[in-house]
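Peer 1: coords-v3.txt (compact mmCIF, C-alpha atoms) pasted underneath:
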```txt
# COMPACT_ATOMS: atom_id res chain seq x y z
CA MET A 97 0.00 0.00 0.00
CA LYS A 98 1.35 3.40 -1.02
CA CYS A 99 2.05 5.88 1.76
CA GLY A 100 0.84 9.45 1.54
CA LYS A 101 -0.67 12.40 3.37
CA ILE A 102 -4.12 13.43 2.17
CA PRO A 103 -5.39 16.81 3.44
CA ILE A 104 -9.19 16.82 3.15
CA ARG A 105 -11.15 19.99 2.53
CA THR A 106 -14.35 20.33 4.56
CA HIS A 107 -17.24 22.73 4.94
CA ILE A 108 -16.90 25.41 7.61
CA VAL A 109 -17.36 23.39 10.78
CA THR A 110 -19.43 24.97 13.57
CA LYS A 111 -20.64 24.16 17.08
CA ASP A 112 -23.73 22.62 15.48
CA ASP A 113 -21.60 19.87 13.94
CA ASN A 114 -20.76 16.55 15.58
CA ILE A 115 -17.06 15.91 15.06
CA VAL A 116 -17.54 12.14 14.74
CA ASP A 117 -20.14 12.65 11.99
CA VAL A 118 -17.90 15.19 10.23
CA VAL A 119 -14.94 12.83 10.19
CA MET A 120 -17.04 9.90 8.99
CA LYS A 121 -18.52 11.98 6.18
CA TYR A 122 -15.21 13.22 4.82
CA THR A 123 -13.01 10.14 5.31
CA ASN A 124 -15.42 7.48 4.08
CA ASN A 125 -13.84 5.52 1.20
CA ILE A 126 -10.54 7.31 1.88
CA ALA A 127 -9.38 6.10 5.30
CA GLU A 128 -9.07 2.41 6.12
CA LYS A 129 -7.50 0.19 8.73
CA GLY A 130 -3.77 0.85 8.88
CA ASP A 131 -4.21 4.56 8.16
CA LEU A 132 -4.29 7.48 10.57
CA ILE A 133 -7.02 10.12 10.72
CA ALA A 134 -5.72 13.40 12.18
CA ILE A 135 -7.96 16.34 13.03
CA ALA A 136 -6.93 19.91 13.79
CA GLU A 137 -7.44 20.64 17.49
CA SER A 138 -9.21 23.95 16.86
CA VAL A 139 -11.92 22.27 14.78
CA VAL A 140 -12.61 19.73 17.53
CA ALA A 141 -12.87 22.56 20.06
CA ILE A 142 -15.24 24.52 17.83
CA THR A 143 -17.65 21.58 17.61
CA GLN A 144 -17.59 21.42 21.41
CA GLY A 145 -18.70 25.04 21.70
CA ARG A 146 -15.30 26.15 22.99
CA ALA A 147 -14.98 29.21 20.75
CA TYR A 148 -16.01 32.63 22.08
CA LEU A 149 -16.38 36.08 20.64
CA PRO A 150 -14.46 38.61 22.76
CA GLU A 151 -17.67 40.37 23.73
CA GLU A 152 -19.00 37.12 25.22
CA VAL A 153 -16.18 36.95 27.79
CA LYS A 154 -16.67 38.76 31.09
CA VAL A 155 -13.21 40.14 31.92
CA GLY A 156 -11.92 40.64 35.45
CA PHE A 157 -9.30 43.02 36.80
CA LEU A 158 -6.47 40.47 36.95
CA ALA A 159 -6.94 39.49 33.30
CA ARG A 160 -6.75 43.14 32.24
CA LEU A 161 -3.57 43.56 34.26
CA LEU A 162 -1.70 40.40 33.31
CA CYS A 163 -2.32 40.57 29.57
CA ARG A 164 -0.21 43.75 29.47
CA TYR A 165 2.91 41.74 30.28
CA THR A 166 2.56 38.97 27.69
CA GLY A 167 4.58 38.87 24.49
CA ARG A 168 2.93 40.84 21.71
CA ASN A 169 3.04 37.77 19.46
CA GLY A 170 1.68 35.47 22.13
CA SER A 171 -1.73 33.82 22.45
CA LEU A 172 -2.92 35.70 25.54
CA THR A 173 -2.43 39.29 24.46
CA SER A 174 -6.05 40.36 24.93
CA PRO A 175 -7.83 40.68 28.29
CA GLN A 176 -10.49 38.28 27.01
CA ALA A 177 -7.98 35.55 26.15
CA MET A 178 -6.29 35.94 29.53
CA GLN A 179 -9.68 35.67 31.21
CA CYS A 180 -10.31 32.44 29.30
CA ALA A 181 -7.03 31.13 30.68
CA ILE A 182 -8.17 32.02 34.19
CA ASN A 183 -11.51 30.32 33.57
CA GLU A 184 -9.73 27.17 32.35
CA VAL A 185 -7.29 26.54 35.20
CA GLY A 186 -8.17 29.01 37.94
CA LEU A 187 -7.00 32.40 39.07
CA PHE A 188 -4.42 31.05 41.53
CA ILE A 189 -2.50 29.02 38.93
CA ILE A 190 -2.43 31.90 36.45
CA PHE A 191 -1.27 34.32 39.15
CA VAL A 192 1.54 32.00 40.30
CA ALA A 193 2.56 31.30 36.68
CA SER A 194 2.74 35.05 36.02
CA ILE A 195 4.89 35.75 39.08
CA ILE A 196 7.34 32.93 38.31
CA SER A 197 7.44 33.93 34.66
CA ALA A 198 8.33 37.51 35.65
CA ILE A 199 11.14 36.25 37.87
CA GLY A 200 12.36 33.98 35.08
CA LYS A 201 12.57 36.90 32.66
CA LEU A 202 14.98 38.63 35.03
CA PHE A 203 17.31 35.68 34.44
CA LYS A 204 16.44 35.51 30.71
CA ILE A 205 14.54 32.25 31.16
CA LYS A 206 11.58 32.01 28.78
CA GLY A 207 8.52 29.76 28.67
CA LEU A 208 7.92 29.42 32.41
CA PHE A 209 4.40 30.79 32.26
CA PHE A 210 3.03 28.01 30.06
CA LYS A 211 5.06 25.33 31.84
CA ILE A 212 3.28 26.22 35.07
CA ALA A 213 -0.12 27.17 33.66
CA GLY A 214 -0.25 23.93 31.67
CA ARG A 215 -1.36 22.66 28.30
CA LYS A 216 -4.96 23.89 28.59
CA VAL A 217 -3.68 27.45 28.66
CA ALA A 218 -1.04 26.87 25.99
CA LEU A 219 -3.74 25.65 23.59
CA ILE A 220 -5.76 28.86 23.71
CA ASP A 221 -5.80 30.73 20.39
CA ASP A 222 -6.45 34.43 20.76
CA VAL A 223 -8.33 36.45 18.14
CA ALA A 224 -6.76 35.99 14.67
CA GLY A 225 -5.19 32.72 15.78
CA THR A 226 -7.59 30.48 13.82
CA MET A 227 -8.76 30.25 10.21
CA PRO A 228 -11.75 32.39 9.07
CA PRO A 229 -14.49 32.84 10.08
CA TYR A 230 -13.14 31.90 13.53
CA HIS A 231 -10.33 34.45 13.32
CA ARG A 232 -12.74 36.71 15.23
CA TYR A 233 -13.03 34.19 18.07
CA ILE A 234 -10.94 33.04 21.00
CA VAL A 235 -10.68 29.28 20.61
CA LEU A 236 -9.80 27.06 23.55
CA GLY A 237 -8.22 23.64 23.34
CA PRO A 238 -10.50 20.61 22.91
CA ALA A 239 -12.02 18.90 25.93
CA ASN A 240 -11.33 15.18 26.51
CA PRO A 241 -9.23 14.78 23.35
CA ASP A 242 -8.32 11.13 23.95
CA LYS A 243 -11.99 10.20 24.35
CA VAL A 244 -12.87 12.08 21.16
CA CYS A 245 -10.24 10.05 19.32
CA GLU A 246 -11.59 6.81 20.77
CA ASP A 247 -15.12 7.74 19.65
CA ILE A 248 -13.90 8.45 16.12
CA LYS A 249 -11.93 5.23 15.96
CA LYS A 250 -14.95 3.28 17.18
CA ALA A 251 -17.05 4.84 14.40
CA THR A 252 -14.49 4.51 11.60
CA GLY A 253 -12.28 1.61 12.63
CA VAL A 254 -9.25 3.81 11.92
CA ASP A 255 -6.56 5.07 14.32
CA THR A 256 -7.17 8.71 15.19
CA ALA A 257 -5.22 11.67 16.56
CA ILE A 258 -5.90 15.33 17.33
CA ILE A 259 -3.01 17.55 16.34
CA ASP A 260 -1.93 21.14 16.90
CA ALA A 261 0.57 22.02 14.18
CA ASN A 262 1.82 25.24 12.61
CA ASP A 263 4.06 26.47 9.82
CA LEU A 264 6.93 27.00 12.26
CA HIS A 265 7.68 23.25 12.28
CA CYS A 266 6.04 22.71 15.64
CA ALA A 267 3.52 19.93 16.24
CA ASP A 268 1.79 18.76 19.40
CA CYS A 269 -0.40 15.65 19.48
CA ILE A 270 -3.19 16.66 21.84
CA GLY A 271 -5.00 13.33 21.87
CA ALA A 272 -4.89 9.89 20.29
CA SER A 273 -6.78 6.63 20.25
CA ARG A 274 -5.27 3.72 22.12
CA GLY A 275 -2.12 2.28 20.57
CA VAL A 276 -1.14 5.43 18.66
CA SER A 277 2.28 6.90 19.49
CA LYS A 278 1.78 10.61 20.06
CA SER A 279 5.48 11.35 19.64
CA PHE A 280 5.49 9.65 16.23
CA VAL A 281 2.39 11.55 15.11
CA GLU A 282 4.17 14.79 15.99
CA LYS A 283 7.06 13.83 13.71
CA LEU A 284 4.64 13.18 10.87
CA PHE A 285 3.12 16.65 11.27
CA ILE A 286 6.28 18.75 11.47
CA ASP A 287 5.53 19.95 7.92
CA ASN A 288 1.92 20.84 8.86
CA PRO A 289 0.18 19.20 5.87
CA SER A 290 -3.22 20.56 6.89
CA GLY A 291 -2.10 24.19 6.65
CA ASN A 292 -3.21 27.06 8.89
CA SER A 293 -5.53 29.36 6.97
CA GLU A 294 -7.20 29.41 3.58
CA GLN A 295 -6.53 25.73 2.92
CA GLN A 296 -9.58 24.75 5.02
CA THR A 297 -8.27 21.19 5.29
CA PRO A 298 -8.59 20.39 9.00
CA ILE A 299 -8.62 16.63 8.45
CA VAL A 300 -5.60 14.72 7.18
CA VAL A 301 -5.51 11.02 6.38
CA ILE A 302 -2.07 9.45 6.44
CA LYS A 303 -2.15 6.28 4.40
CA ALA A 304 -0.37 3.20 5.75
CA TYR A 305 1.15 5.18 8.58
CA MET A 306 1.87 2.00 10.53
CA GLU A 307 4.50 1.06 7.96
CA TRP A 308 6.55 3.94 9.32
CA ASN A 309 5.64 3.26 12.92
CA PHE A 310 7.63 0.07 13.45
CA ASP A 311 10.99 1.80 14.02
CA ASN A 312 9.26 4.89 15.52
CA SER A 313 11.41 7.22 13.45
CA ILE A 314 11.07 9.21 10.27
CA THR A 315 13.68 10.93 8.14
CA GLU A 316 13.23 14.19 6.25
CA GLU A 317 13.41 12.22 2.99
CA LYS A 318 10.61 9.89 4.07
CA ASN A 319 8.48 12.79 5.28
CA SER A 320 8.85 14.49 1.91
CA GLU A 321 7.90 11.26 0.16
CA LEU A 322 4.76 10.99 2.28
CA ASN A 323 3.59 14.51 1.55
CA GLY A 324 2.78 14.41 -2.12
CA ILE A 325 -0.99 14.21 -2.44
CA LEU A 326 -3.25 17.21 -3.06
CA PRO A 327 -6.29 18.09 -0.94
CA VAL A 328 -9.36 16.09 -1.92
CA GLU A 329 -13.07 16.60 -1.58
CA PRO A 330 -15.17 13.85 0.05
CA LYS A 331 -16.27 11.08 -2.28
CA HIS A 332 -19.84 11.49 -1.10
CA VAL A 333 -21.89 14.14 0.64
```
Can you give me the file's structure in the form of structure tokens?

Peer 2:
Amino acid sequence: MKCGKIPIRTHIVTKDDNIVDVVMKYTNNIAEKGDLIAIAESVVAITQGRAYLPEEVKVGFLARLLCRYTGRNGSLTSPQAMQCAINEVGLFIIFVASIISAIGKLFKIKGLFFKIAGRKVALIDDVAGTMPPYHRYIVLGPANPDKVCEDIKKATGVDTAIIDANDLHCADCIGASRGVSKSFVEKLFIDNPSGNSEQQTPIVVIKAYMEWNFDNSITEEKNSELNGILPVEPKHV
């Protein structure tokens, strides 16, 4: 069986969609046993109702204060996004993370805030952090990502992962069905085959991914060989 990465274009997914139904609709006759279905984490979160317009977020004093000290290119630059972080993990954790982060900066140590605040906070996308029309929204990370993957695998019979990847060669496997190596999935998505904006391809099927999973490693040459298939529309609607 030939290996390949197949980005799949979908309709604009909303909170009214069921992610299991969406994946089944667009991967039917494409994904099969031995493949991997990967879904962008933001799309999963959107179907769970975890996307908010800034005006929907009630902002407190601490959020207004702390957002002033974040990096201008960070994901918590607005008071609303910082408030979402507080809502996710609690005011105490965010306050402690901010204090330790400030101390770390004195010693030129970066990244302490998110190490302490945790993955839930790191997954928050501030306004303009997600593809249109959700570029106007603050999008949180998905809830119960491993369970979502198990539900999709149960429905499709295909291994499933939820991935957060970008064009800066960073990939984080947020969730996976049982038996899937998250670290290996991250290697497969270093090149971000689903794209980040106008591509509108939040689902990627990796054909015969298990053939590369036996030695749990992948070279740049192999990754290039895998990524040679254009986005496809579903074979049925």

Peer 1: From (-9.4, 5.6, 21.2), in the file's coordinates, out to 7 Å: which residues are reached, counting all atoms listed in the file? Answer as a PyMOL selection string.

Peer 2: chain A and resi 242-243+245-247+249+272-274

Peer 1: How close does each residue of segment 230-316 of chain A get to segment 147-153 of chain A, giving the shortest atom pair and distance in Å to one decimal for every residue with an atom at most 9 Å away, counting all atoms listed in the file, sorted by chain and residue number, as a tab-separated table?

Peer 2:
```
residue	atom	partner	partner_atom	distance
A:Tyr230	CA	A:Ala147	CA	7.9
A:Arg232	CA	A:Leu149	CA	6.6
A:Tyr233	CA	A:Leu149	CA	4.6
A:Ile234	CA	A:Tyr148	CA	5.2
A:Val235	CA	A:Ala147	CA	4.3
A:Leu236	CA	A:Ala147	CA	6.3
```

Peer 1: As a list in words, please: the residues near Ser171 of chain A (cut-off 12 Å, all atoms listed in the file, same-chain neighbours under 2 positions excluded).

Peer 2: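 Everything that qualifies: Cys163, Thr166, Gly167, Arg168, Asn169, Thr173, Ser174, Pro175, Gln176, Ala177, Met178, Gln179, Cys180, Ala181, Phe209, Phe210, Val217, Ala218, Leu219, Ile220, Asp221, Asp222, Val223, Ala224, Gly225, Thr226, Ile234, Val235 and Leu236 of chain A.
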
Peer 1: List the residues sitting within 6 Å of (-1.2, 30.0, 35.1) in the file's frame, using all atoms listed in the file, as a ChimeraX atom specification.

Peer 2: /A:189-191,193,212-213

Peer 1: Which distance in Å separates atom CA of Glu184 of chain A and atom CA of Lys111 of chain A, to one decimal?

Peer 2: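 Going from atom CA of Glu184 of chain A over to atom CA of Lys111 of chain A, I get 19.0 Å.
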
Peer 1: Atom CA of Gly207 of chain A and atom CA of Ile195 of chain A are how many Å apart?

Peer 2: 12.5 Å

Peer 1: I need the residue nearest Gly237 of chain A from this list: A:His265, A:Lys201, A:Lys216, A:Lys121. Use only C-alpha atoms for the distance.

Peer 2: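 Between A:His265, A:Lys201, A:Lys216, A:Lys121, the residue approaching Gly237 of chain A most closely is A:Lys216.
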
Peer 1: Of the residues A:Val119, A:Ala198, A:Ile108, A:Ile270, which is the one nearest to Asn240 of chain A, using all atoms listed in the file?

Peer 2: A:Ile270
